[in-house]
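Engineer: Provided herewith: final_2.csv, CSV, C-alpha atoms.
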chain,number,residue,atom,x,y,z
A,30,MET,CA,2.9,18.0,-24.0
A,31,LYS,CA,5.4,19.3,-21.4
A,32,VAL,CA,8.3,18.3,-23.7
A,33,LYS,CA,6.8,20.1,-26.6
A,34,LYS,CA,6.3,23.3,-24.6
A,35,LEU,CA,9.9,23.1,-23.5
A,36,ILE,CA,11.1,22.6,-27.1
A,37,VAL,CA,9.0,25.5,-28.4
A,38,PHE,CA,10.4,27.7,-25.7
A,39,GLY,CA,13.9,26.7,-26.7
A,40,MET,CA,13.3,27.4,-30.3
A,41,THR,CA,12.1,30.9,-29.5
A,42,MET,CA,15.1,31.7,-27.4
A,43,MET,CA,17.6,30.3,-29.9
A,44,ALA,CA,15.9,32.0,-32.8
A,45,ILE,CA,16.7,35.3,-31.1
A,46,LEU,CA,20.4,34.4,-30.9
A,47,VAL,CA,20.5,33.1,-34.5
A,48,SER,CA,18.9,36.3,-35.9
A,49,CYS,CA,21.6,38.3,-34.2
A,50,GLU,CA,24.5,36.3,-35.4
A,51,ARG,CA,23.8,34.6,-38.7
A,52,HIS,CA,21.0,36.1,-40.7
A,53,PRO,CA,21.1,38.7,-43.5
A,54,SER,CA,20.2,42.2,-42.3
A,55,PHE,CA,17.4,44.2,-43.8
A,56,SER,CA,17.3,47.9,-43.3
A,57,SER,CA,13.5,48.3,-43.8
A,58,SER,CA,10.3,46.4,-44.1
A,59,GLU,CA,10.3,47.0,-47.9
A,60,GLU,CA,13.8,45.6,-48.2
A,61,ALA,CA,12.7,42.6,-46.1
A,62,LEU,CA,9.7,41.9,-48.3
A,63,GLN,CA,11.9,42.2,-51.4
A,64,GLY,CA,14.3,39.7,-50.0
A,65,CYS,CA,11.5,37.2,-49.4
A,66,LYS,CA,10.2,37.7,-53.0
A,67,GLN,CA,13.7,36.9,-54.3
A,68,GLN,CA,13.7,33.7,-52.3
A,69,LEU,CA,10.4,32.8,-53.9
A,70,GLU,CA,11.7,33.4,-57.4
A,71,LEU,CA,14.7,31.3,-56.8
A,72,LEU,CA,12.6,28.4,-55.6
A,73,LYS,CA,10.2,28.6,-58.5
A,74,GLN,CA,13.2,28.2,-60.9
A,75,LYS,CA,14.0,24.8,-59.3
A,76,GLN,CA,12.5,21.8,-61.0
A,77,ASP,CA,14.3,19.2,-58.8
A,78,ALA,CA,16.4,19.2,-55.7
A,79,SER,CA,18.8,16.7,-54.0
A,80,ILE,CA,18.4,16.4,-50.3
A,81,GLU,CA,21.5,18.5,-49.9
A,82,ASP,CA,20.1,21.3,-52.1
A,83,LEU,CA,16.7,21.1,-50.4
A,84,SER,CA,18.4,21.4,-47.0
A,85,SER,CA,20.4,24.5,-48.2
A,86,LEU,CA,17.4,26.1,-49.8
A,87,THR,CA,15.2,25.6,-46.7
A,88,SER,CA,17.9,26.8,-44.3
A,89,THR,CA,18.4,30.0,-46.4
A,90,TRP,CA,14.7,30.7,-46.3
A,91,LEU,CA,14.5,30.2,-42.6
A,92,GLU,CA,17.3,32.7,-42.2
A,93,VAL,CA,15.7,35.2,-44.5
A,94,ARG,CA,12.3,34.8,-42.8
A,95,ASP,CA,13.9,35.3,-39.3
A,96,SER,CA,15.6,38.5,-40.5
A,97,ALA,CA,12.3,39.7,-42.1
A,98,TYR,CA,10.6,39.2,-38.7
A,99,SER,CA,13.2,41.3,-37.0
A,100,SER,CA,12.8,44.1,-39.6
A,101,PHE,CA,9.0,44.0,-39.4
A,102,GLY,CA,9.2,44.1,-35.6
A,103,ARG,CA,11.1,47.4,-35.8
A,104,ASP,CA,8.4,49.0,-38.0
A,105,SER,CA,5.8,50.5,-35.7
A,106,SER,CA,3.5,51.3,-38.7
A,107,LEU,CA,2.8,47.6,-39.4
A,108,ASN,CA,-0.1,45.6,-38.2
A,109,LEU,CA,-1.6,42.3,-39.3
A,110,LYS,CA,-3.9,44.1,-41.8
A,111,SER,CA,-1.2,46.3,-43.3
A,112,PRO,CA,-0.7,45.8,-47.1
A,113,MET,CA,3.0,45.0,-46.3
A,114,ALA,CA,2.0,42.3,-43.8
A,115,VAL,CA,-0.6,40.8,-46.2
A,116,ALA,CA,2.0,40.7,-49.0
A,117,TYR,CA,4.5,39.0,-46.8
A,118,PHE,CA,2.0,36.3,-45.7
A,119,MET,CA,1.2,35.6,-49.3
A,120,VAL,CA,4.9,35.3,-50.3
A,121,SER,CA,5.5,33.1,-47.2
A,122,ASP,CA,2.7,30.8,-48.1
A,123,SER,CA,4.0,30.5,-51.7
A,124,ILE,CA,7.5,29.7,-50.4
A,125,ARG,CA,6.1,27.0,-48.1
A,126,ALA,CA,4.3,25.5,-51.1
A,127,GLU,CA,7.5,25.6,-53.3
A,128,ILE,CA,9.7,24.0,-50.6
A,129,THR,CA,7.0,21.3,-50.1
A,130,ARG,CA,6.9,20.7,-53.8
A,131,LEU,CA,10.6,20.2,-54.0
A,132,ALA,CA,10.6,18.0,-51.0
A,133,PHE,CA,8.2,15.6,-52.6
A,134,VAL,CA,9.3,15.9,-56.2
A,135,LYS,CA,10.6,12.4,-55.7
A,136,PRO,CA,10.5,9.7,-53.0
A,137,ARG,CA,12.9,10.4,-50.0
A,138,SER,CA,14.5,7.7,-48.0
A,139,LEU,CA,14.6,7.7,-44.2
A,140,ARG,CA,18.2,8.7,-44.3
A,141,GLU,CA,17.4,11.7,-46.5
A,142,VAL,CA,14.6,12.8,-44.1
A,143,MET,CA,17.0,12.5,-41.2
A,144,TYR,CA,19.7,14.4,-43.1
A,145,PHE,CA,17.2,17.1,-43.8
A,146,LYS,CA,16.3,17.4,-40.2
A,147,LEU,CA,19.9,17.5,-39.0
A,148,ASN,CA,20.9,20.1,-41.6
A,149,THR,CA,18.1,22.6,-41.2
A,150,ALA,CA,18.4,23.0,-37.5
A,151,MET,CA,19.1,26.8,-37.5
A,152,GLN,CA,20.5,26.9,-34.0
A,153,ARG,CA,23.2,24.4,-34.6
A,154,LYS,CA,26.0,26.8,-35.7
A,155,VAL,CA,25.3,29.1,-32.8
A,156,LEU,CA,25.3,26.3,-30.2
A,157,GLU,CA,28.6,24.8,-31.5
A,158,LYS,CA,30.3,28.0,-30.2
A,159,ASN,CA,28.4,28.2,-27.0
A,160,ALA,CA,30.4,27.5,-23.8
A,161,ILE,CA,27.3,26.1,-22.0
A,162,PHE,CA,26.7,23.6,-24.8
A,163,LYS,CA,30.3,22.5,-24.8
A,164,ASP,CA,30.1,22.0,-21.1
A,165,ALA,CA,26.9,20.0,-21.5
A,166,VAL,CA,28.5,17.7,-24.1
A,167,LYS,CA,31.4,17.0,-21.7
A,168,TYR,CA,29.0,16.4,-18.9
A,169,TYR,CA,27.1,13.7,-20.8
A,170,GLU,CA,30.3,12.2,-22.2
A,171,LYS,CA,31.6,11.7,-18.7
A,172,LEU,CA,28.4,9.8,-17.8
A,173,ASP,CA,29.4,7.1,-20.3
A,174,THR,CA,32.4,6.2,-18.1
A,175,TYR,CA,30.2,5.3,-15.1
A,176,PRO,CA,29.9,1.5,-14.7
A,177,LEU,CA,26.6,-0.2,-15.2
A,178,TYR,CA,24.7,-2.2,-12.6
A,179,PRO,CA,25.7,-5.9,-12.7
A,180,SER,CA,22.2,-7.4,-13.2
A,181,LEU,CA,18.6,-6.6,-14.1
A,182,LYS,CA,17.6,-7.1,-10.4
A,183,THR,CA,20.1,-4.6,-9.1
A,184,THR,CA,19.2,-2.2,-11.9
A,185,LEU,CA,15.4,-2.2,-11.1
A,186,ALA,CA,16.1,-1.9,-7.4
A,187,ALA,CA,18.3,1.1,-7.9
A,188,TYR,CA,16.0,2.7,-10.5
A,189,GLY,CA,12.9,2.3,-8.3
A,190,LYS,CA,14.6,3.7,-5.2
A,191,LEU,CA,15.9,6.7,-7.2
A,192,LEU,CA,12.5,7.6,-8.6
A,193,SER,CA,10.5,7.0,-5.4
A,194,SER,CA,12.9,9.2,-3.3
A,195,ALA,CA,13.2,12.0,-5.8
A,196,THR,CA,11.9,15.4,-4.8
A,197,SER,CA,11.5,18.7,-6.6
A,198,PHE,CA,14.9,20.2,-7.7
A,199,LYS,CA,15.7,23.4,-5.8
A,200,GLN,CA,19.2,24.0,-7.3
A,201,GLY,CA,20.9,23.1,-10.6
A,202,ASP,CA,23.4,20.8,-8.8
A,203,GLU,CA,20.5,18.7,-7.6
A,204,LEU,CA,19.2,18.2,-11.1
A,205,MET,CA,22.7,17.4,-12.4
A,206,ASN,CA,23.2,14.8,-9.7
A,207,PHE,CA,19.9,13.2,-10.4
A,208,ILE,CA,20.5,13.0,-14.1
A,209,ALA,CA,23.8,11.3,-13.5
A,210,LEU,CA,22.2,8.6,-11.3
A,211,GLU,CA,19.2,8.2,-13.6
A,212,ASP,CA,21.5,7.9,-16.6
A,213,LYS,CA,23.4,4.9,-15.0
A,214,CYS,CA,20.0,3.3,-14.3
A,215,PHE,CA,18.7,3.9,-17.8
A,216,ARG,CA,21.8,2.6,-19.5
A,217,SER,CA,21.8,-0.5,-17.3
A,218,LEU,CA,18.2,-1.0,-18.2
A,219,MET,CA,18.9,-0.9,-21.9
A,220,LYS,CA,21.4,-3.7,-21.5
A,221,TYR,CA,18.5,-5.9,-20.2
A,222,LEU,CA,15.7,-4.4,-22.2
A,223,ALA,CA,14.5,-7.6,-23.7
A,224,GLN,CA,14.0,-9.1,-20.2
A,225,VAL,CA,11.9,-6.3,-18.9
A,226,ASP,CA,8.1,-6.7,-19.0
A,227,THR,CA,5.8,-4.0,-20.3
A,228,GLU,CA,4.3,-3.3,-16.9
A,229,THR,CA,7.7,-2.6,-15.3
A,230,LEU,CA,8.6,-0.3,-18.2
A,231,GLN,CA,5.3,1.6,-17.7
A,232,LYS,CA,5.9,2.0,-14.0
A,233,LEU,CA,9.4,3.4,-14.6
A,234,THR,CA,8.0,5.8,-17.3
A,235,MET,CA,5.2,7.0,-14.9
A,236,GLY,CA,7.8,7.5,-12.1
A,237,THR,CA,10.1,9.5,-14.4
A,238,THR,CA,7.1,11.6,-15.5
A,239,ARG,CA,6.3,12.4,-11.9
A,240,VAL,CA,9.8,13.6,-11.2
A,241,PHE,CA,10.2,15.8,-14.3
A,242,ASP,CA,6.6,17.0,-14.9
A,243,GLY,CA,6.8,20.1,-12.7
A,244,LEU,CA,10.3,21.0,-13.9
A,245,TYR,CA,9.3,21.1,-17.6
A,246,SER,CA,6.4,23.4,-16.7
A,247,SER,CA,8.6,25.8,-14.8
A,248,VAL,CA,11.4,25.9,-17.4
A,249,GLY,CA,8.9,26.5,-20.2
A,250,ALA,CA,7.3,29.4,-18.3
A,251,GLN,CA,10.4,31.4,-17.5
A,252,VAL,CA,13.2,33.2,-19.3
A,253,ASP,CA,16.6,33.6,-17.6
A,254,ASP,CA,20.1,32.1,-17.8
A,255,VAL,CA,19.4,29.3,-15.3
A,256,ASN,CA,16.3,28.2,-17.2
A,257,ASP,CA,18.1,28.3,-20.5
A,258,ARG,CA,20.8,26.0,-19.1
A,259,THR,CA,18.2,23.7,-17.6
A,260,MET,CA,16.4,23.5,-20.8
A,261,LEU,CA,19.6,22.6,-22.7
A,262,TYR,CA,20.5,19.8,-20.3
A,263,LEU,CA,16.9,18.4,-20.3
A,264,SER,CA,16.8,18.5,-24.1
A,265,MET,CA,20.1,16.7,-24.4
A,266,ARG,CA,19.0,14.2,-21.8
A,267,PHE,CA,15.8,13.6,-23.9
A,268,ASN,CA,17.9,13.0,-27.1
A,269,ARG,CA,20.3,10.7,-25.3
A,270,ARG,CA,17.6,8.5,-23.9
A,271,ILE,CA,15.6,8.0,-27.1
A,272,ILE,CA,18.7,7.3,-29.1
A,273,GLN,CA,20.1,4.8,-26.5
A,274,ASN,CA,16.6,3.2,-26.5
A,275,ALA,CA,16.6,2.8,-30.2
A,276,LEU,CA,20.1,1.4,-30.3
A,277,ALA,CA,19.3,-1.1,-27.6
A,278,CYS,CA,16.4,-2.3,-29.7
A,279,LYS,CA,18.6,-2.5,-32.7
A,280,GLU,CA,21.2,-4.6,-30.8
A,281,ASP,CA,18.5,-7.0,-29.5
A,282,ILE,CA,17.0,-7.5,-32.9
A,283,LEU,CA,20.4,-8.2,-34.6
A,284,SER,CA,21.2,-10.6,-31.7
A,285,ARG,CA,17.9,-12.4,-32.4
A,286,ARG,CA,16.7,-12.0,-28.8
A,287,ARG,CA,13.3,-13.7,-28.3
A,288,LEU,CA,10.5,-11.1,-28.2
A,289,GLY,CA,6.9,-11.6,-27.5
A,290,ASN,CA,4.2,-9.9,-29.6
A,291,THR,CA,3.8,-7.0,-27.2
A,292,GLN,CA,7.6,-6.5,-27.1
A,293,GLN,CA,7.8,-6.5,-30.9
A,294,ALA,CA,5.2,-3.8,-31.0
A,295,ASN,CA,7.1,-1.8,-28.4
A,296,TYR,CA,10.3,-2.2,-30.3
A,297,ARG,CA,8.8,-0.9,-33.4
A,298,TRP,CA,7.7,2.2,-31.6
A,299,MET,CA,11.1,2.7,-29.9
A,300,LEU,CA,12.9,2.4,-33.2
A,301,ILE,CA,10.8,5.0,-35.0
A,302,GLN,CA,10.6,7.4,-31.9
A,303,PRO,CA,13.7,9.4,-32.8
A,304,PHE,CA,12.3,10.2,-36.2
A,305,MET,CA,9.1,11.5,-34.6
A,306,ALA,CA,10.3,13.2,-31.5
A,307,ILE,CA,13.4,15.0,-32.6
A,308,ASP,CA,12.4,18.4,-33.9
A,309,ASP,CA,14.4,21.5,-34.8
A,310,TYR,CA,15.7,22.4,-31.4
A,311,SER,CA,16.3,18.8,-30.4
A,312,ALA,CA,18.3,18.3,-33.6
A,313,ALA,CA,20.4,21.4,-32.8
A,314,VAL,CA,21.6,20.0,-29.5
A,315,LEU,CA,22.6,16.6,-30.8
A,316,THR,CA,26.2,15.7,-30.4
A,317,GLU,CA,28.3,14.7,-33.5
A,318,GLU,CA,28.2,11.1,-32.4
A,319,GLN,CA,24.4,11.2,-32.0
A,320,ARG,CA,24.0,12.7,-35.5
A,321,GLU,CA,26.1,9.8,-37.0
A,322,GLN,CA,24.1,7.3,-35.0
A,323,LEU,CA,20.8,8.6,-36.3
A,324,LEU,CA,22.0,8.5,-39.9
A,325,ALA,CA,23.1,4.9,-39.4
A,326,LEU,CA,19.8,4.0,-37.8
A,327,SER,CA,18.0,5.5,-40.8
A,328,ASP,CA,19.8,3.1,-43.0
A,329,ASP,CA,19.2,0.1,-40.8
A,330,LEU,CA,15.5,0.8,-39.9
A,331,PRO,CA,13.9,-1.0,-42.9
A,332,GLY,CA,15.8,-4.2,-42.2
A,333,LEU,CA,15.2,-4.0,-38.4
A,334,LEU,CA,11.5,-3.7,-38.9
A,335,GLU,CA,11.6,-6.7,-41.3
A,336,ARG,CA,13.5,-8.7,-38.8
A,337,LEU,CA,10.9,-8.1,-36.1
A,338,ASP,CA,8.6,-10.4,-38.1
A,339,ALA,CA,10.7,-13.3,-39.5
A,340,ARG,CA,8.0,-14.3,-42.0
A,341,LYS,CA,9.2,-13.8,-45.6
A,342,HIS,CA,5.9,-12.4,-46.8
A,343,VAL,CA,6.2,-9.3,-44.7
A,344,ARG,CA,9.1,-7.9,-46.7
A,345,ASP,CA,7.0,-5.9,-49.2
A,346,LYS,CA,4.8,-4.7,-46.4
A,347,GLU,CA,7.8,-3.4,-44.4
A,348,ASN,CA,9.2,-1.7,-47.5
A,349,ASN,CA,5.9,0.0,-48.0
A,350,LEU,CA,5.8,1.0,-44.3
A,351,THR,CA,9.2,2.7,-44.4
A,352,GLU,CA,8.1,4.6,-47.5
A,353,VAL,CA,5.0,5.7,-45.7
A,354,LEU,CA,7.0,6.6,-42.6
A,355,SER,CA,9.5,8.7,-44.6
A,356,GLU,CA,6.7,10.7,-46.2
A,357,TYR,CA,4.9,11.2,-42.9
A,358,PHE,CA,8.1,12.3,-41.0
A,359,LEU,CA,9.0,14.7,-43.8
A,360,LYS,CA,5.5,16.2,-43.9
A,361,SER,CA,5.4,16.6,-40.2
A,362,TYR,CA,8.8,18.2,-39.9
A,363,LEU,CA,8.1,20.6,-42.8
A,364,SER,CA,4.8,21.7,-41.2
A,365,SER,CA,6.7,22.4,-37.9
A,366,ILE,CA,9.4,24.7,-39.4
A,367,LEU,CA,7.8,26.4,-42.3
What is this structure when it is put down as structure tokens?

Structural biologist:
Amino acid sequence: MKVKKLIVFGMTMMAILVSCERHPSFSSSEEALQGCKQQLELLKQKQDASIEDLSSLTSTWLEVRDSAYSSFGRDSSLNLKSPMAVAYFMVSDSIRAEITRLAFVKPRSLREVMYFKLNTAMQRKVLEKNAIFKDAVKYYEKLDTYPLYPSLKTTLAAYGKLLSSATSFKQGDELMNFIALEDKCFRSLMKYLAQVDTETLQKLTMGTTRVFDGLYSSVGAQVDDVNDRTMLYLSMRFNRRIIQNALACKEDILSRRRLGNTQQANYRWMLIQPFMAIDDYSAAVLTEEQREQLLALSDDLPGLLERLDARKHVRDKENNLTEVLSEYFLKSYLSSIL
């Protein structure tokens, strides 16, 4: 819940920047409504759409919608019961239905769903030019150069000590230093993931939650440059961890590491977590390498899920599961952005 509040906060802040830099400009509420109606007519003419076309059509609507909001906000005569507002809501609902129709006009693969997410993140183009984002990318790239701990024993000892000694962060440098130390622990843990029991993983998760819980609450409740920067670094940390986690699972499965039943269930969850947890703002702050990793993972996921259960009769079941997952992920994402 704390993560979701933070992400919603981020989406709100970035939407303001996007509306200023990218979107078409409407001079009046009437012009904005007409622009929305034009988008609806364009969508109605489409009988089919590739995932590339769907991404483009959806992105265009999100831009038009954001500009319409800005125009409506400048019109002091409008309220929720105004004929103009009612007309807009009706058009917006129809557009939502048309985009959903095109999205499910044919089955979509997991790769297509991930491509759609990555290419409808409205904030992406703004962030690519943002100096703070560029600095954050360099910061996390540097963390990859830090050496890992030499064993699971030393990893768990360092991780436990770090979490138990952590206090609330008073300054940005304290947070950055903690993330660097935590990142080394986490990457080391991923190397030995198959050897870690569920109880230990749960303890580490609870310890991490204790450290960051208050920080997520404070960032989501305030609006200033410091909080914006903190939000960005935390979101990029979140992306980094769930992707590294999924890739560690992938490597263990391909290496045929022995996994118990509980571990298999955990690995299934960790593999699909990026598809569920990465939303619009999270997708916007992904690095280029992470975007490529997620697309590759989308291709590999059906086979990885099948390998988790070596029995041949599960193949059809796993194929059906990936189809269900694709549909679920796409529905969930559409409902969050439209």

Engineer: Counting all atoms listed in the file, give me one row per residue of stretch 124-177 of chain A with an atom at most 9 Å from an atom of stretch 204-219 of chain A, showing the shortest contact pair and its distance in Å to one decimal, sorted by chain then residue number, as a tab-separated table.

Structural biologist:
residue	atom	partner	partner_atom	distance
A:Tyr169	CA	A:Ala209	CA	8.4
A:Leu172	CA	A:Ala209	CA	6.5
A:Asp173	CA	A:Lys213	CA	8.3
A:Tyr175	CA	A:Lys213	CA	6.8
A:Pro176	CA	A:Lys213	CA	7.3
A:Leu177	CA	A:Ser217	CA	5.2

Engineer: I need the residues from that last selection saved to file as a PDB file, in the frame of the given file (with C-alpha atoms), if you can.

Structural biologist:
ATOM      1  CA  TYR A 169      27.100  13.700 -20.800  1.00  0.00           C
ATOM      2  CA  LEU A 172      28.400   9.800 -17.800  1.00  0.00           C
ATOM      3  CA  ASP A 173      29.400   7.100 -20.300  1.00  0.00           C
ATOM      4  CA  TYR A 175      30.200   5.300 -15.100  1.00  0.00           C
ATOM      5  CA  PRO A 176      29.900   1.500 -14.700  1.00  0.00           C
ATOM      6  CA  LEU A 177      26.600  -0.200 -15.200  1.00  0.00           C
TER       7      LEU A 177
END

Engineer: So what do you get for atom CA of A:Phe267 versus atom CA of A:Asp202, distance-wise?

Structural biologist: 18.4 Å

Engineer: What separation in Å, quoted to one decimal, exists between atom CA of A:Lys66 and atom CA of A:Trp90?

Structural biologist: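 Computed distance, atom CA of A:Lys66 to atom CA of A:Trp90, equals 10.7 Å.
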
Engineer: Between A:Ile272, A:Ser121, A:Ser56, A:Thr184, single out the one closest to A:Thr229, counting only C-alpha atoms.

Structural biologist: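 Smallest distance to A:Thr229 is found for A:Thr184.
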
Engineer: Could you please determine the separation between atom CA of A:Thr351 and atom CA of A:Gln322 in Å, to one decimal place?

Structural biologist: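 Computed distance, atom CA of A:Thr351 to atom CA of A:Gln322, equals 18.2 Å.
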
Engineer: With distances taken over only C-alpha atoms, which residue among A:Gln224, A:Asn295, A:Ser99, A:Ser85 lies nearest A:Ser54?

Structural biologist: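 Looking only at the distances to A:Ser54, the closest residue turns out to be A:Ser99.
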
Engineer: Rank A:Asp226, A:Ile271, A:Leu71, A:Tyr310 by their smallest atom-to-atom distance to A:Ile124, using only C-alpha atoms, and report the top residue only.

Structural biologist: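 Selected residue with least distance to A:Ile124: A:Leu71.
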
Engineer: I'd like the neighbourhood of A:Ser96 as a PyMOL selection string, where a residue qualifies if any of its atoms comes within 8 Å (using only C-alpha atoms), though same-chain residues fewer than 3 positions away should be ignored.

Structural biologist: chain A and resi 48+52-55+61+92-93+99-100

Engineer: For A:Ala132, find every residue with an atom within 9 Å (counting all atoms listed in the file), except residues of its own chain fewer than 4 positions away, and show them as an MDAnalysis selection string.

Structural biologist: chainID A and resid 77:80 83 127:128 136:137 359:360 363

Engineer: Within 9 Å of A:Ile366, counting only C-alpha atoms, which residues qualify if same-chain residues fewer than 4 places away don't, as a list of chain:residue names?

Structural biologist: A:Leu91, A:Asp308, A:Asp309, A:Tyr362

Engineer: Would you pick out the contacts of stretch 139-156 of chain A at 7 Å or less, using all atoms listed in the file, so that residues sharing its chain but fewer than 5 positions from it are not included, and give the list as an MDAnalysis selection string?

Structural biologist: chainID A and resid 43:44 47 80 84 87:88 162 309:310 312:314 324 327:328 355 359

Engineer: Tell me, as a list in words, which residues lie within 9 Å of stretch 234-238 of chain A, counting only C-alpha atoms; anything in the same chain fewer than 3 positions away does not count.

Structural biologist: Gly189, Leu192, Ser193, Thr229, Leu230, Gln231, Phe241, Asp242 and Gly243 of chain A

Engineer: Keeping only C-alpha atoms, write those residues as a short mmCIF file (atom, residue, chain, number, x, y, z; two decimals), keeping the file's coordinate frame.

Structural biologist:
data_model
loop_
_atom_site.label_atom_id
_atom_site.label_comp_id
_atom_site.auth_asym_id
_atom_site.auth_seq_id
_atom_site.Cartn_x
_atom_site.Cartn_y
_atom_site.Cartn_z
CA GLY A 189 12.90 2.30 -8.30
CA LEU A 192 12.50 7.60 -8.60
CA SER A 193 10.50 7.00 -5.40
CA THR A 229 7.70 -2.60 -15.30
CA LEU A 230 8.60 -0.30 -18.20
CA GLN A 231 5.30 1.60 -17.70
CA PHE A 241 10.20 15.80 -14.30
CA ASP A 242 6.60 17.00 -14.90
CA GLY A 243 6.80 20.10 -12.70
#

Engineer: Using all atoms listed in the file, can you tell me which of A:Asn108, A:Val134, A:Arg125, A:Ala116 comes closest to A:Gln76?

Structural biologist: A:Val134
